[in-house]
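Enquirer: Next comes coords.cif, mmCIF, C-alpha atoms and all ligand atoms:
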data_model
loop_
_atom_site.label_atom_id
_atom_site.label_comp_id
_atom_site.auth_asym_id
_atom_site.auth_seq_id
_atom_site.Cartn_x
_atom_site.Cartn_y
_atom_site.Cartn_z
CA MET Q 1 40.80 106.49 167.60
CA GLU Q 2 41.11 107.90 171.06
CA ILE Q 3 42.81 105.50 173.45
CA VAL Q 4 42.20 106.27 177.13
CA ILE Q 5 44.41 104.28 179.51
CA GLN Q 6 43.56 104.45 183.20
CA PRO Q 7 45.39 102.76 186.08
CA THR Q 8 42.33 100.71 187.04
CA GLU Q 9 39.06 99.34 185.69
CA GLU Q 10 37.21 101.79 187.96
CA GLY Q 11 39.09 104.73 186.45
CA ALA Q 12 38.34 103.64 182.87
CA THR Q 13 34.69 103.00 183.77
CA GLY Q 14 34.47 106.50 185.28
CA VAL Q 15 35.64 108.09 182.02
CA ALA Q 16 33.05 106.10 180.04
CA ALA Q 17 30.29 106.98 182.53
CA ARG Q 18 31.07 110.70 182.29
CA LEU Q 19 31.03 110.52 178.51
CA MET Q 20 27.64 108.75 178.46
CA ALA Q 21 26.17 111.04 181.11
CA ARG Q 22 27.18 114.07 179.08
CA LEU Q 23 25.44 112.65 176.02
CA LEU Q 24 22.22 112.02 177.95
CA ARG Q 25 22.29 115.55 179.35
CA ASP Q 26 23.02 117.15 175.96
CA LYS Q 27 20.59 114.93 174.05
CA PRO Q 28 17.79 113.64 176.29
CA ASP Q 29 16.33 111.60 173.39
CA ALA Q 30 19.64 109.91 172.54
CA VAL Q 31 19.71 106.47 170.92
CA LEU Q 32 22.15 104.15 172.68
CA GLY Q 33 23.56 100.85 171.50
CA LEU Q 34 24.16 98.67 174.56
CA ALA Q 35 26.44 95.73 175.28
CA THR Q 36 26.46 92.85 177.76
CA GLY Q 37 29.21 90.78 179.39
CA SER Q 38 31.10 91.41 182.61
CA THR Q 39 32.93 94.45 181.19
CA PRO Q 40 30.05 96.99 181.20
CA LEU Q 41 28.68 95.87 184.59
CA PRO Q 42 30.45 98.54 186.68
CA LEU Q 43 29.50 101.15 184.06
CA TYR Q 44 25.81 100.23 184.35
CA ARG Q 45 26.09 100.44 188.15
CA GLU Q 46 27.64 103.87 187.88
CA LEU Q 47 25.05 105.13 185.35
CA ALA Q 48 22.24 103.95 187.63
CA ARG Q 49 23.89 105.71 190.57
CA MET Q 50 24.07 108.98 188.60
CA LYS Q 51 20.25 109.23 188.49
CA LEU Q 52 20.14 110.43 184.89
CA ASP Q 53 16.89 110.99 183.04
CA TRP Q 54 16.29 108.06 180.67
CA ARG Q 55 12.59 108.74 179.90
CA ARG Q 56 13.21 109.75 176.28
CA VAL Q 57 16.26 107.53 175.66
CA THR Q 58 15.98 104.65 173.18
CA THR Q 59 18.24 101.59 173.42
CA PHE Q 60 19.23 98.81 171.03
CA ASN Q 61 21.20 95.87 172.36
CA LEU Q 62 23.90 94.29 170.28
CA ASP Q 63 22.99 90.64 170.58
CA GLU Q 64 21.13 87.72 172.13
CA TYR Q 65 21.44 83.93 172.25
CA VAL Q 66 19.12 81.99 169.94
CA GLY Q 67 16.72 79.76 171.85
CA LEU Q 68 16.92 81.60 175.18
CA ALA Q 69 13.68 83.12 176.45
CA PRO Q 70 13.90 86.55 178.12
CA LYS Q 71 13.39 84.91 181.52
CA HIS Q 72 16.44 82.65 181.16
CA PRO Q 73 19.05 83.94 183.64
CA ALA Q 74 21.82 83.71 181.02
CA SER Q 75 19.82 85.60 178.37
CA TYR Q 76 20.84 89.14 177.54
CA HIS Q 77 17.24 90.25 178.11
CA TYR Q 78 17.58 89.09 181.71
CA PHE Q 79 21.07 90.61 182.03
CA MET Q 80 19.90 94.03 180.85
CA ARG Q 81 16.83 94.07 183.06
CA GLU Q 82 18.73 93.02 186.18
CA ASN Q 83 21.82 95.14 185.65
CA LEU Q 84 20.46 98.33 184.14
CA PHE Q 85 16.84 98.73 183.12
CA ARG Q 86 15.21 98.06 186.47
CA HIS Q 87 17.45 100.67 188.10
CA ILE Q 88 16.65 103.57 185.71
CA ASN Q 89 13.52 105.38 184.51
CA ILE Q 90 13.66 104.15 180.91
CA SER Q 91 10.37 103.61 179.09
CA GLU Q 92 9.74 99.93 178.29
CA LYS Q 93 8.65 100.72 174.75
CA ASN Q 94 12.03 102.29 173.98
CA ILE Q 95 14.02 99.13 174.82
CA HIS Q 96 15.08 96.88 171.93
CA ILE Q 97 16.95 93.59 172.32
CA PRO Q 98 17.23 90.93 169.61
CA ASP Q 99 14.58 88.24 170.09
CA GLY Q 100 16.32 84.91 170.61
CA MET Q 101 12.95 83.17 170.29
CA ALA Q 102 12.00 84.73 166.94
CA ALA Q 103 10.28 82.15 164.71
CA ASP Q 104 11.59 83.78 161.54
CA VAL Q 105 15.11 84.96 162.36
CA PRO Q 106 15.97 86.64 159.01
CA ALA Q 107 12.67 88.58 159.08
CA PHE Q 108 13.32 89.60 162.68
CA CYS Q 109 16.82 90.79 161.78
CA ARG Q 110 15.50 92.92 158.91
CA ARG Q 111 12.95 94.51 161.25
CA TYR Q 112 15.66 95.21 163.86
CA GLU Q 113 17.74 97.08 161.28
CA GLU Q 114 14.63 98.97 160.18
CA ARG Q 115 13.88 99.99 163.78
CA ILE Q 116 17.40 101.35 164.24
CA ARG Q 117 16.98 103.35 161.03
CA ARG Q 118 13.58 104.66 162.08
CA ALA Q 119 14.99 105.74 165.46
CA GLY Q 120 17.42 107.92 163.52
CA GLY Q 121 20.49 105.67 163.97
CA ILE Q 122 22.61 105.04 167.05
CA ASP Q 123 24.27 108.05 168.70
CA LEU Q 124 26.59 106.05 170.92
CA GLN Q 125 27.37 102.35 170.63
CA LEU Q 126 28.88 100.75 173.69
CA LEU Q 127 31.13 97.76 172.96
CA GLY Q 128 33.08 95.13 174.84
CA ILE Q 129 35.53 92.88 173.04
CA GLY Q 130 35.91 89.11 172.98
CA SER Q 131 39.33 87.59 173.62
CA ASP Q 132 39.42 86.86 169.86
CA GLY Q 133 38.55 90.45 168.93
CA HIS Q 134 34.83 89.94 168.35
CA ILE Q 135 32.44 92.85 168.82
CA GLY Q 136 28.79 92.07 169.48
CA PHE Q 137 28.96 88.42 168.49
CA ASN Q 138 30.73 89.06 165.20
CA GLU Q 139 33.30 86.30 165.34
CA PRO Q 140 36.59 86.35 163.41
CA SER Q 141 35.92 85.93 159.66
CA SER Q 142 32.63 87.90 159.93
CA SER Q 143 32.05 90.16 156.95
CA LEU Q 144 33.18 93.66 157.85
CA ALA Q 145 30.01 94.89 156.06
CA SER Q 146 27.63 92.48 157.83
CA ARG Q 147 24.18 93.46 159.10
CA THR Q 148 22.05 92.03 161.94
CA ARG Q 149 21.88 88.26 161.41
CA ILE Q 150 22.32 84.84 162.96
CA LYS Q 151 25.89 83.77 163.77
CA THR Q 152 27.49 80.55 164.96
CA LEU Q 153 29.81 80.99 167.94
CA THR Q 154 33.39 79.75 167.85
CA ALA Q 155 34.53 77.09 170.33
CA ARG Q 156 36.63 79.76 172.05
CA THR Q 157 33.69 82.12 172.66
CA ARG Q 158 31.54 79.24 173.91
CA ARG Q 159 34.36 78.35 176.30
CA ASP Q 160 34.75 81.99 177.43
CA ASN Q 161 31.01 82.27 178.14
CA ALA Q 162 30.45 78.75 179.51
CA ARG Q 163 30.47 80.06 183.09
CA HIS Q 164 27.06 81.67 182.51
CA PHE Q 165 25.52 78.32 181.51
CA GLY Q 166 26.99 75.99 184.11
CA GLY Q 167 29.43 74.45 181.62
CA GLU Q 168 30.39 74.48 177.98
CA ALA Q 169 28.05 71.67 176.98
CA ARG Q 170 25.04 73.86 177.80
CA ALA Q 171 26.32 77.02 176.08
CA PRO Q 172 24.27 77.87 172.96
CA HIS Q 173 25.85 77.63 169.51
CA HIS Q 174 23.80 80.33 167.80
CA VAL Q 175 23.19 84.01 168.41
CA ILE Q 176 21.57 87.01 166.76
CA THR Q 177 23.95 89.95 166.54
CA MET Q 178 24.04 93.39 165.00
CA GLY Q 179 26.47 93.22 162.11
CA ILE Q 180 29.79 95.00 161.86
CA GLY Q 181 28.28 97.24 159.16
CA THR Q 182 25.45 98.06 161.60
CA ILE Q 183 27.90 98.95 164.38
CA MET Q 184 30.00 101.05 162.01
CA GLU Q 185 26.99 103.28 161.24
CA SER Q 186 26.80 104.49 164.86
CA TRP Q 187 27.88 108.06 165.29
CA HIS Q 188 30.28 107.26 168.16
CA CYS Q 189 31.67 103.90 169.32
CA LEU Q 190 32.79 103.49 172.93
CA LEU Q 191 34.73 100.29 173.56
CA LEU Q 192 35.75 99.12 177.03
CA ALA Q 193 38.26 96.38 177.82
CA PHE Q 194 39.81 95.31 181.10
CA GLY Q 195 42.34 92.71 182.11
CA LYS Q 196 45.29 90.84 180.60
CA LYS Q 197 42.90 88.46 178.82
CA LYS Q 198 41.94 91.28 176.45
CA ALA Q 199 45.45 92.67 175.81
CA ARG Q 200 46.14 90.73 172.60
CA ALA Q 201 42.74 91.48 171.07
CA ILE Q 202 43.16 95.19 171.91
CA ALA Q 203 46.68 95.37 170.45
CA GLY Q 204 45.39 93.80 167.25
CA ALA Q 205 42.32 96.04 167.09
CA VAL Q 206 44.22 99.30 167.66
CA GLU Q 207 47.64 98.74 166.13
CA GLY Q 208 47.25 95.67 163.92
CA PRO Q 209 46.06 95.46 160.33
CA ILE Q 210 42.35 95.85 159.58
CA THR Q 211 41.25 92.28 159.25
CA ALA Q 212 38.14 90.14 159.64
CA MET Q 213 40.33 87.92 161.83
CA ASN Q 214 40.13 90.65 164.50
CA PRO Q 215 36.68 92.16 163.89
CA ALA Q 216 37.29 95.11 166.28
CA SER Q 217 40.15 96.26 164.01
CA VAL Q 218 37.52 97.61 161.58
CA LEU Q 219 36.98 100.42 164.11
CA GLN Q 220 40.18 101.96 162.69
CA LEU Q 221 37.93 103.01 159.77
CA HIS Q 222 35.33 104.63 162.06
CA PRO Q 223 35.51 108.44 162.37
CA LYS Q 224 34.78 108.58 166.12
CA VAL Q 225 35.94 105.83 168.47
CA THR Q 226 36.86 106.04 172.15
CA ILE Q 227 38.57 103.03 173.73
CA CYS Q 228 38.75 102.98 177.55
CA LEU Q 229 41.29 100.52 178.95
CA ASP Q 230 42.89 99.58 182.23
CA GLU Q 231 46.68 99.04 182.38
CA ASP Q 232 46.39 95.29 181.82
CA ALA Q 233 44.25 95.53 178.69
CA ALA Q 234 46.62 98.22 177.36
CA SER Q 235 49.78 96.25 178.22
CA LEU Q 236 50.62 95.13 174.65
CA LEU Q 237 50.06 98.50 172.94
CA LYS Q 238 53.27 99.81 171.34
CA MET Q 239 52.22 103.48 171.39
CA LYS Q 240 51.02 103.54 175.01
CA ARG Q 241 53.14 106.56 175.96
CA TYR Q 242 51.73 108.60 173.09
CA TYR Q 243 48.10 107.73 173.97
CA ARG Q 244 48.75 108.80 177.56
CA TRP Q 245 50.35 112.04 176.47
CA VAL Q 246 47.40 112.85 174.21
CA PHE Q 247 44.90 112.20 177.01
CA ASP Q 248 46.84 114.20 179.60
CA ASN Q 249 47.15 117.19 177.28
CA LYS Q 250 43.66 117.48 175.89
CA PRO Q 251 42.37 121.01 175.42
CA GLU Q 252 39.81 121.94 178.08
CA TRP Q 253 36.84 121.72 175.64
CA GLN Q 254 37.73 118.14 174.79
CA THR Q 255 38.00 116.68 178.28
CA PHE Q 256 35.53 114.13 179.65
C1 LIG Q 301 30.10 88.33 174.64
C2 LIG Q 301 29.30 89.53 174.16
C3 LIG Q 301 30.22 90.68 173.77
C4 LIG Q 301 31.20 90.94 174.89
C5 LIG Q 301 32.04 89.69 175.13
C6 LIG Q 301 33.08 89.87 176.20
O1 LIG Q 301 30.63 87.61 173.59
N1 LIG Q 301 28.45 89.22 173.05
O2 LIG Q 301 29.42 91.84 173.51
O3 LIG Q 301 32.01 92.02 174.56
O4 LIG Q 301 31.15 88.66 175.51
O5 LIG Q 301 32.53 89.59 177.45
P1 LIG Q 301 33.19 90.02 178.84
O6 LIG Q 301 32.93 91.48 178.95
O7 LIG Q 301 32.43 89.23 179.85
O8 LIG Q 301 34.62 89.70 178.75
#
As structure tokens - that is how I would like this structure written.

Expert:
Amino acid sequence: MEIVIQPTEEGATGVAARLMARLLRDKPDAVLGLATGSTPLPLYRELARMKLDWRRVTTFNLDEYVGLAPKHPASYHYFMRENLFRHINISEKNIHIPDGMAADVPAFCRRYEERIRRAGGIDLQLLGIGSDGHIGFNEPSSSLASRTRIKTLTARTRRDNARHFGGEARAPHHVITMGIGTIMESWHCLLLAFGKKKARAIAGAVEGPITAMNPASVLQLHPKVTICLDEDAASLLKMKRYYRWVFDNKPEWQTF
């Protein structure tokens, strides 16, 4: 795991943006796994500003709420369109987001997995993290080998996300999410976390035991993970000084 600690959210976002921009320049037909939430917002703004060529890029989003149509302002379809897709030259046919309105959810989930396979797998999977350590919507106790499927949100996640629905009572209970096994097959995982609210989840994911109780901790088994943090999100890491030293002394060919 490479842990990148920057003084601010902007700094950490800048590192992630450079890393993604390099991928798109080196591999114009890259397959990206994309995330939602407030964490990647500044990254999407920065990527749009960079005027990269997205024509041959394919994207797969991590998750979507069940029962929300793409036009619903709290749906992840809407989020992606507003915050990234309408600002870049991506081809509509290359965009994939789980269908929250699918009539047959298990069949949809199988097809989603099949599409990822047919696209050649995900080159770079962007991830946020829930305050309980969830990635995508894989809540604590999710199978670490899980595939794309329906999940029931915990009370805590519904509370965390209630602001997007005008209150907890209106927040959906069910979601479709890529599984942890699906995420683990990506060639490179890039996780971003900002703020004190994420510090405990990050400490558990990076330095705790691998456990389904902190789903992000499974990333310790992934061969290529980059975690970009601000000071607050990194505040509970025991080996902070070492991570900083590693980053500051990278050989030239490894820098972002
Ligand atoms: C949701 C998303 C996750 C995201 C998490 C954190 O649960 N499904 O992908 O990482 O929220 O959101 P935020 O970035 O707003 O803290």

Enquirer: Using all atoms listed in the file, what table do you get, as CSV, when you list each residue of segment 115-183 of chain Q with an atom no more than 9 Å from segment 195-218 of chain Q, its nearest pair of atoms, and their distance in Å rounded to one decimal, rows by chain then rising number?

Expert:
residue,atom,partner,partner_atom,distance
Q:Ile129,CA,Q:Ala216,CA,7.3
Q:Gly130,CA,Q:Lys198,CA,7.3
Q:Ser131,CA,Q:Lys198,CA,5.3
Q:Asp132,CA,Q:Ala201,CA,5.8
Q:Gly133,CA,Q:Asn214,CA,4.7
Q:His134,CA,Q:Pro215,CA,5.3
Q:Ile135,CA,Q:Ala216,CA,5.9
Q:Asn138,CA,Q:Pro215,CA,6.8
Q:Glu139,CA,Q:Pro215,CA,6.9
Q:Pro140,CA,Q:Met213,CA,4.4
Q:Ser141,CA,Q:Ala212,CA,4.8
Q:Ser142,CA,Q:Ala212,CA,6.0
Q:Ser143,CA,Q:Ala212,CA,6.7
Q:Leu144,CA,Q:Ala212,CA,6.3
Q:Ile180,CA,Q:Pro215,CA,7.7

Enquirer: If I take atom CA of Phe85 of chain Q and atom CA of Ala21 of chain Q, how far is one from the other in Å, to one decimal?

Expert: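 Going from atom CA of Phe85 of chain Q over to atom CA of Ala21 of chain Q, I get 15.6 Å.
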
Enquirer: Could you list, as a ChimeraX atom specification, every residue within 6 Å of Val175 of chain Q, counting only C-alpha atoms and ignoring same-chain residues fewer than 2 positions away?

Expert: /Q:64-66,150-151

Enquirer: Based on the selection just made, write C-alpha atoms of those residues as a PDB file, keeping the file's coordinate frame.

Expert:
ATOM      1  CA  GLU Q  64      21.130  87.720 172.130  1.00  0.00           C
ATOM      2  CA  TYR Q  65      21.440  83.930 172.250  1.00  0.00           C
ATOM      3  CA  VAL Q  66      19.120  81.990 169.940  1.00  0.00           C
ATOM      4  CA  ILE Q 150      22.320  84.840 162.960  1.00  0.00           C
ATOM      5  CA  LYS Q 151      25.890  83.770 163.770  1.00  0.00           C
TER       6      LYS Q 151
END

Enquirer: Do you have the atom CA of Thr157 of chain Q-atom CA of Ile97 of chain Q distance handy?

Expert: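 Atom CA of Ile97 of chain Q lies 20.3 Å from atom CA of Thr157 of chain Q.
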
Enquirer: Taking 2 positions as the minimum chain separation for residues in the same chain, which residues sit within 12 Å of Arg45 of chain Q when counting only C-alpha atoms? Answer as a CSV table (one decimal) with C-alpha atoms, in the frame of the given file.

Expert:
chain,number,residue,atom,x,y,z
Q,10,GLU,CA,37.2,101.8,188.0
Q,13,THR,CA,34.7,103.0,183.8
Q,14,GLY,CA,34.5,106.5,185.3
Q,17,ALA,CA,30.3,107.0,182.5
Q,38,SER,CA,31.1,91.4,182.6
Q,39,THR,CA,32.9,94.4,181.2
Q,40,PRO,CA,30.0,97.0,181.2
Q,41,LEU,CA,28.7,95.9,184.6
Q,42,PRO,CA,30.4,98.5,186.7
Q,43,LEU,CA,29.5,101.2,184.1
Q,47,LEU,CA,25.0,105.1,185.4
Q,48,ALA,CA,22.2,104.0,187.6
Q,49,ARG,CA,23.9,105.7,190.6
Q,50,MET,CA,24.1,109.0,188.6
Q,51,LYS,CA,20.2,109.2,188.5
Q,80,MET,CA,19.9,94.0,180.8
Q,82,GLU,CA,18.7,93.0,186.2
Q,83,ASN,CA,21.8,95.1,185.6
Q,84,LEU,CA,20.5,98.3,184.1
Q,85,PHE,CA,16.8,98.7,183.1
Q,86,ARG,CA,15.2,98.1,186.5
Q,87,HIS,CA,17.4,100.7,188.1
Q,88,ILE,CA,16.6,103.6,185.7

Enquirer: Atom CA of Leu34 of chain Q and atom CA of Asp230 of chain Q, how far apart in Å?

Expert: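 According to the coordinates, atom CA of Asp230 of chain Q and atom CA of Leu34 of chain Q are separated by 20.3 Å.
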
Enquirer: Hey, what's within 9 Å of Ile183 of chain Q if we count all atoms listed in the file and toss same-chain stuff fewer than 3 positions away? As a list in words, please?

Expert: Gly33, Leu62, Ile122, Gln125, Ile135, Gly136, Arg147, Met178, Gly179, Ile180, Ser186 and Cys189 of chain Q

Enquirer: Kindly indicate which residue among Q:Ser146, Q:Ser91, Q:Thr8, Q:Thr177 lies nearest to ligand LIG 301 (chain Q), using all atoms listed in the file for the distances.

Expert: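 Of Q:Ser146, Q:Ser91, Q:Thr8, Q:Thr177, the one nearest ligand LIG 301 (chain Q), counting all atoms listed in the file, is Q:Thr177.
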
Enquirer: Select, from Q:Val15, Q:Val105, Q:Gly121, Q:His72, the residue with the minimum atom-to-atom distance to Thr58 of chain Q, counting only C-alpha atoms.

Expert: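 So, comparing all the options, the nearest one is Q:Gly121.
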
Enquirer: Which one is closest to Thr226 of chain Q: Q:Glu2, Q:Glu92, Q:Asp53, Q:Glu252? Count all atoms listed in the file.

Expert: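 Nearest candidate to Thr226 of chain Q out of Q:Glu2, Q:Glu92, Q:Asp53, Q:Glu252: Q:Glu2.
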
Enquirer: Please return, as a PyMOL selection string, all polymer residues that have at least one atom within 9 Å of the point (37.1, 104.1, 173.2); use all atoms listed in the file and the file's own coordinate frame.

Expert: chain Q and resi 1-4+16+126-127+189-192+224-229

Enquirer: Using all atoms listed in the file, which of the listed residues (Q:Arg25, Q:His173, Q:Arg81, Q:Arg118) sits closest to ligand LIG 301 (chain Q)?

Expert: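 When distances to ligand LIG 301 (chain Q) are compared using all atoms listed in the file, the smallest one comes from Q:His173.
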
Enquirer: Point out the residue among Q:Phe137, Q:Trp253, Q:Phe165, Q:Trp187 with the least atom-to-atom distance to ligand LIG 301 (chain Q), counting only C-alpha atoms and all ligand atoms.

Expert: Q:Phe137

Enquirer: Which residue out of Q:Ala103, Q:Ile176, Q:Ile95, Q:Ile90 has the minimum interatomic distance to ligand LIG 301 (chain Q) when only C-alpha atoms and all ligand atoms are used?

Expert: Q:Ile176

Enquirer: Identify the residues within 8 Å of coordinate (15.3, 109.7, 176.4) (same frame as the file), considering all atoms listed in the file, and give the answer as a list in words.

Expert: Leu24, Lys27, Pro28, Asp29, Ala30, Val31, Asp53, Trp54, Arg55, Arg56, Val57, Thr58 and Ile90 of chain Q
